[in-house]
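Student: Dumping the structure here so I can ask a few things about it.
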Amino acid sequence: MQDFHFTRPDDLAAAGQAHQASDDGAYMAGGQTLIPVLKQGLAMPEDVIDLNGIADLSGIEADGHGITIGATTRHASVAASEAVCQAIPALADLAGRIGDPQVRNRGTIGGSLANNDPSADYPAAVLALNATVVTDRREIAAEAFFDGLFTTNLNEGEIITRVRFAAPDRAAYEKFPNPASRYALVGVFVAQTADGVRVAVTGAGQDGVFRAAEMETALADSFSAGALDGIAVPADDLMTDMHAAADYRAHLITVMAKRAVARAAATA
Amino acid sequence: MPDITLNVNRQAVSKTVEGRTLLVEFIRETLGLTGTHMGCDTSQCGACVVHLDGKPVKSCTVLAAQADGAEVKTIESLAPEGEMNPMQRAFHEHHGLQCGFCTPGMVMTAMALVAENPDPTEAQVRHGLEGNICRCTGYQNIVAAVLDGAKAMRG
């Protein structure tokens, strides 16, 4: 790994300044993706700016409408949070199945979203729950946040500070994990609210997380696994890689969506 | 280069490290605590698991500089030299290892698991060990060891 200058600022302004002062600065949250990337030489920043020294970036708050999760909150904290389990149990369940226990003790929601790995779990929840990504500069609606593989709407130097989720009436996440990495080969998050049903798919799309519109329409009509009979996302825009072909992923999307709907229907 | 001060196995340590120094490198090479193993170096295998502020982490995927101010516990902290704690004894009694390379990480993960859940089910043990890979045993004896070690630690 190429060496870099390491800093751990204790507030957002100092972090932003450190980034601006660097020719090539990288923020680090949990480091569970960035450290492997640095080892492989896929990124060789001059400065690594650790965000874990900024106290207000971590923590979970509940209000009458939902949950707000600080950007450097670990997956394990979200999974174990009573507030999250009560307001959005599907979100706690998702967090508790990311990676493995050690990854969940380091990885963060802000890091996962900023990285926007096409096989990460959190993007499915953020898109299906229509969450708001709050940064040090503005608020970004989930729909506008994700912008293709490993790409987001974040500007240079912009830092995610927290993510705001409204509680749905019912929701569930089901994934078919890659047995080695535990990344989602396909993951489907289904959420029903007063405004309708949203179905977000991760692990499968060539451009990352996406919504399955035809499934949403069918489920708005009848929120049951049977409503998805005969509905499949076309394989054309799905990924083919060493783990699975596009048509297999297309098949898995319907299977995972049905399981998620059945589970959400059973919990309400 | 960052100066770091941390507590390792109940002893204060102050050193200067490179930004890129991994926690596992710091533990093994700077401190000479070679019970923590570096297996895959890609966050998969879990041979390098240590406790960072009480939580199990893969020390190949944490920078030493990030552990500044933290409390680190390695496999060496579990029992005095030449002795075994109940979890280590359970691994020994159940033959929960063959080559032994993964064992320090397995034991440290198991210790964290029972600290959080003193009476785990077999399914909970298997879920808890998902981040630790053993290429010898097929896991049966490891799972039996963790269940029995948990029982012994409950007393």
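Chain lettering (A, B, ...) mirrors the order of the structure tokens, residue numbering begins at 1 for each chain separately, and ligand numbering begins at 1 in order of display.
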Could you tell me, as a PyMOL selection string, which residues of range 195-258 of chain A DSSP assigns to strand (DSSP E) when given the backbone?
Tutor: chain A and resi 196-202+210-211
Student: Can you write just those residues out, all heavy atoms, as a PDB file, in the first residue's frame?
Tutor:
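Final output, saved to result14.pdb:
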ATOM      1  N   GLY A 196     -48.036   4.429  -1.351  1.00  0.00           N
ATOM      2  CA  GLY A 196     -47.938   3.326  -2.298  1.00  0.00           C
ATOM      3  C   GLY A 196     -46.861   2.342  -1.888  1.00  0.00           C
ATOM      4  O   GLY A 196     -46.435   2.302  -0.737  1.00  0.00           O
ATOM      5  N   VAL A 197     -46.420   1.570  -2.891  1.00  0.00           N
ATOM      6  CA  VAL A 197     -45.409   0.538  -2.621  1.00  0.00           C
ATOM      7  C   VAL A 197     -44.167   0.857  -3.438  1.00  0.00           C
ATOM      8  O   VAL A 197     -44.257   1.245  -4.607  1.00  0.00           O
ATOM      9  CB  VAL A 197     -45.948  -0.856  -3.011  1.00  0.00           C
ATOM     10  CG1 VAL A 197     -44.882  -1.925  -2.798  1.00  0.00           C
ATOM     11  CG2 VAL A 197     -47.202  -1.187  -2.214  1.00  0.00           C
ATOM     12  N   ARG A 198     -43.009   0.704  -2.802  1.00  0.00           N
ATOM     13  CA  ARG A 198     -41.739   0.883  -3.522  1.00  0.00           C
ATOM     14  C   ARG A 198     -40.925  -0.393  -3.394  1.00  0.00           C
ATOM     15  O   ARG A 198     -40.834  -0.994  -2.323  1.00  0.00           O
ATOM     16  CB  ARG A 198     -40.959   2.070  -2.953  1.00  0.00           C
ATOM     17  CG  ARG A 198     -41.615   3.413  -3.277  1.00  0.00           C
ATOM     18  CD  ARG A 198     -41.013   4.538  -2.458  1.00  0.00           C
ATOM     19  NE  ARG A 198     -39.659   4.884  -2.887  1.00  0.00           N
ATOM     20  CZ  ARG A 198     -39.355   5.962  -3.610  1.00  0.00           C
ATOM     21  NH1 ARG A 198     -40.311   6.788  -4.024  1.00  0.00           N
ATOM     22  NH2 ARG A 198     -38.105   6.221  -3.922  1.00  0.00           N
ATOM     23  N   VAL A 199     -40.351  -0.800  -4.524  1.00  0.00           N
ATOM     24  CA  VAL A 199     -39.527  -2.009  -4.582  1.00  0.00           C
ATOM     25  C   VAL A 199     -38.161  -1.602  -5.124  1.00  0.00           C
ATOM     26  O   VAL A 199     -38.068  -1.108  -6.250  1.00  0.00           O
ATOM     27  CB  VAL A 199     -40.155  -3.070  -5.518  1.00  0.00           C
ATOM     28  CG1 VAL A 199     -39.257  -4.290  -5.624  1.00  0.00           C
ATOM     29  CG2 VAL A 199     -41.554  -3.457  -5.029  1.00  0.00           C
ATOM     30  N   ALA A 200     -37.114  -1.775  -4.329  1.00  0.00           N
ATOM     31  CA  ALA A 200     -35.769  -1.413  -4.785  1.00  0.00           C
ATOM     32  C   ALA A 200     -34.899  -2.663  -4.837  1.00  0.00           C
ATOM     33  O   ALA A 200     -34.940  -3.495  -3.933  1.00  0.00           O
ATOM     34  CB  ALA A 200     -35.148  -0.364  -3.867  1.00  0.00           C
ATOM     35  N   VAL A 201     -34.127  -2.750  -5.911  1.00  0.00           N
ATOM     36  CA  VAL A 201     -33.327  -3.941  -6.187  1.00  0.00           C
ATOM     37  C   VAL A 201     -31.843  -3.575  -6.177  1.00  0.00           C
ATOM     38  O   VAL A 201     -31.422  -2.651  -6.878  1.00  0.00           O
ATOM     39  CB  VAL A 201     -33.691  -4.535  -7.568  1.00  0.00           C
ATOM     40  CG1 VAL A 201     -32.852  -5.772  -7.860  1.00  0.00           C
ATOM     41  CG2 VAL A 201     -35.181  -4.839  -7.645  1.00  0.00           C
ATOM     42  N   THR A 202     -31.062  -4.296  -5.387  1.00  0.00           N
ATOM     43  CA  THR A 202     -29.613  -4.091  -5.397  1.00  0.00           C
ATOM     44  C   THR A 202     -28.921  -5.385  -5.836  1.00  0.00           C
ATOM     45  O   THR A 202     -29.535  -6.444  -5.880  1.00  0.00           O
ATOM     46  CB  THR A 202     -29.102  -3.641  -4.008  1.00  0.00           C
ATOM     47  OG1 THR A 202     -27.725  -3.239  -4.126  1.00  0.00           O
ATOM     48  CG2 THR A 202     -29.188  -4.761  -2.985  1.00  0.00           C
ATOM     49  N   PHE A 210     -31.909   0.028  -8.373  1.00  0.00           N
ATOM     50  CA  PHE A 210     -32.998   0.579  -9.190  1.00  0.00           C
ATOM     51  C   PHE A 210     -34.348   0.151  -8.630  1.00  0.00           C
ATOM     52  O   PHE A 210     -34.413  -0.781  -7.824  1.00  0.00           O
ATOM     53  CB  PHE A 210     -32.864   0.138 -10.654  1.00  0.00           C
ATOM     54  CG  PHE A 210     -33.045  -1.350 -10.861  1.00  0.00           C
ATOM     55  CD1 PHE A 210     -34.293  -1.897 -11.135  1.00  0.00           C
ATOM     56  CD2 PHE A 210     -31.947  -2.217 -10.787  1.00  0.00           C
ATOM     57  CE1 PHE A 210     -34.453  -3.273 -11.327  1.00  0.00           C
ATOM     58  CE2 PHE A 210     -32.086  -3.594 -10.972  1.00  0.00           C
ATOM     59  CZ  PHE A 210     -33.354  -4.116 -11.246  1.00  0.00           C
ATOM     60  N   ARG A 211     -35.409   0.823  -9.070  1.00  0.00           N
ATOM     61  CA  ARG A 211     -36.762   0.450  -8.652  1.00  0.00           C
ATOM     62  C   ARG A 211     -37.417  -0.418  -9.713  1.00  0.00           C
ATOM     63  O   ARG A 211     -37.223  -0.211 -10.907  1.00  0.00           O
ATOM     64  CB  ARG A 211     -37.605   1.707  -8.418  1.00  0.00           C
ATOM     65  CG  ARG A 211     -37.218   2.435  -7.144  1.00  0.00           C
ATOM     66  CD  ARG A 211     -37.909   3.776  -7.023  1.00  0.00           C
ATOM     67  NE  ARG A 211     -39.361   3.627  -6.898  1.00  0.00           N
ATOM     68  CZ  ARG A 211     -40.209   4.664  -6.895  1.00  0.00           C
ATOM     69  NH1 ARG A 211     -39.741   5.892  -7.021  1.00  0.00           N
ATOM     70  NH2 ARG A 211     -41.506   4.462  -6.772  1.00  0.00           N
TER      71      ARG A 211
END
Student: Name the residues in contact with range 134-146 of chain B at a cut-off of 6 Å, using only C-alpha atoms, excluding same-chain residues fewer than 3 positions from it; report them as a PyMOL selection string.
Tutor: chain B and resi 90-91+94+96+102+149-150
Student: Just write the chosen residues, C-alpha atoms, as a PDB file, in the first residue's frame.
Tutor:
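What ended up in out-v1.pdb:
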ATOM      1  CA  ALA B  90     -13.120 -26.127  24.634  1.00  0.00           C
ATOM      2  CA  PHE B  91     -11.369 -25.794  21.243  1.00  0.00           C
ATOM      3  CA  HIS B  94     -13.426 -30.710  20.861  1.00  0.00           C
ATOM      4  CA  GLY B  96     -11.887 -27.527  17.001  1.00  0.00           C
ATOM      5  CA  CYS B 102      -7.543 -19.708  11.917  1.00  0.00           C
ATOM      6  CA  GLY B 149     -16.962 -22.962  25.683  1.00  0.00           C
ATOM      7  CA  ALA B 150     -20.021 -20.728  26.149  1.00  0.00           C
TER       8      ALA B 150
END
Student: Using only C-alpha atoms, find which residues of chain A lie within 12 Å of chain B and jot them down as a PyMOL selection string.
Tutor: chain A and resi 1-9+28-41+44-53+74+76-77+80+96-107+177+179-183
Student: Env of Arg137 in chain A: 9 Å cut, atoms = only C-alpha atoms, seq-sep filter 3 positions within chain, self excluded. Answer as a ChimeraX atom specification.
Tutor: /A:134,158-160
Student: Restrict the selected residues to all heavy atoms and save them as a short mmCIF file (atom, residue, chain, number, x, y, z; two decimals), in the first residue's frame.
Tutor:
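Done, and the output landed in result-v9.cif:
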data_model
loop_
_atom_site.label_atom_id
_atom_site.label_comp_id
_atom_site.auth_asym_id
_atom_site.auth_seq_id
_atom_site.Cartn_x
_atom_site.Cartn_y
_atom_site.Cartn_z
N VAL A 134 -28.57 13.52 4.06
CA VAL A 134 -28.23 14.88 4.48
C VAL A 134 -26.70 15.01 4.45
O VAL A 134 -25.99 14.12 4.93
CB VAL A 134 -28.75 15.16 5.90
CG1 VAL A 134 -28.46 16.60 6.31
CG2 VAL A 134 -30.25 14.87 5.98
N GLU A 158 -17.74 16.85 -0.49
CA GLU A 158 -19.00 16.87 0.27
C GLU A 158 -19.08 15.65 1.19
O GLU A 158 -18.66 14.56 0.83
CB GLU A 158 -20.18 16.87 -0.72
CG GLU A 158 -21.53 17.10 -0.07
CD GLU A 158 -22.64 17.32 -1.12
OE1 GLU A 158 -22.39 17.08 -2.32
OE2 GLU A 158 -23.74 17.73 -0.72
N ILE A 159 -19.60 15.85 2.40
CA ILE A 159 -19.63 14.78 3.40
C ILE A 159 -21.07 14.47 3.79
O ILE A 159 -21.83 15.37 4.16
CB ILE A 159 -18.86 15.20 4.67
CG1 ILE A 159 -17.39 15.54 4.34
CG2 ILE A 159 -18.93 14.11 5.73
CD1 ILE A 159 -16.62 16.14 5.51
N ILE A 160 -21.44 13.20 3.72
CA ILE A 160 -22.75 12.78 4.25
C ILE A 160 -22.69 12.92 5.77
O ILE A 160 -21.73 12.48 6.40
CB ILE A 160 -23.06 11.32 3.88
CG1 ILE A 160 -23.12 11.14 2.36
CG2 ILE A 160 -24.38 10.86 4.52
CD1 ILE A 160 -23.31 9.70 1.91
#
Student: For CA of Gly25 in chain A and CA of Gly110 in chain A, quote the distance in Å rounded to one decimal.
Tutor: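 Atom-to-atom, CA of Gly25 in chain A to CA of Gly110 in chain A, that is 17.1 Å.
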Student: Here is a test: counting only C-alpha atoms, which residue of B:Arg10, B:Lys151, B:Lys73, B:Lys15 is nearest to Gly105 in chain B?
Tutor: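 Once distances to Gly105 in chain B are computed over only C-alpha atoms, the minimum belongs to B:Lys73.
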Student: What separation in Å, quoted to one decimal, exists between CA of Ala220 in chain A and CA of Asp247 in chain A?
Tutor: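 About the pair CA of Ala220 in chain A and CA of Asp247 in chain A: they are 25.7 Å apart.
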Student: Out of A:Val78, A:Met239, A:Ala262, A:Gly157, which residue has the shortest atom-to-atom distance to Ala18 in chain A when counting only C-alpha atoms?
Tutor: A:Gly157
Student: Let me make sure I understand: among A:Ala114, A:Ala71, A:Ala191, A:Ala141, which one has the smallest atom-to-atom distance to Leu91 in chain A if we use only C-alpha atoms?
Tutor: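 Under the stated criterion, the closest residue is A:Ala191.
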Student: Could you give me, as a PyMOL selection string, the residues within 12 Å of Asn85 in chain B, counting only C-alpha atoms and dropping anything in the same chain fewer than 2 positions from it?
Tutor: chain B and resi 75-83+87-92+107-108+111+149-150+152-153
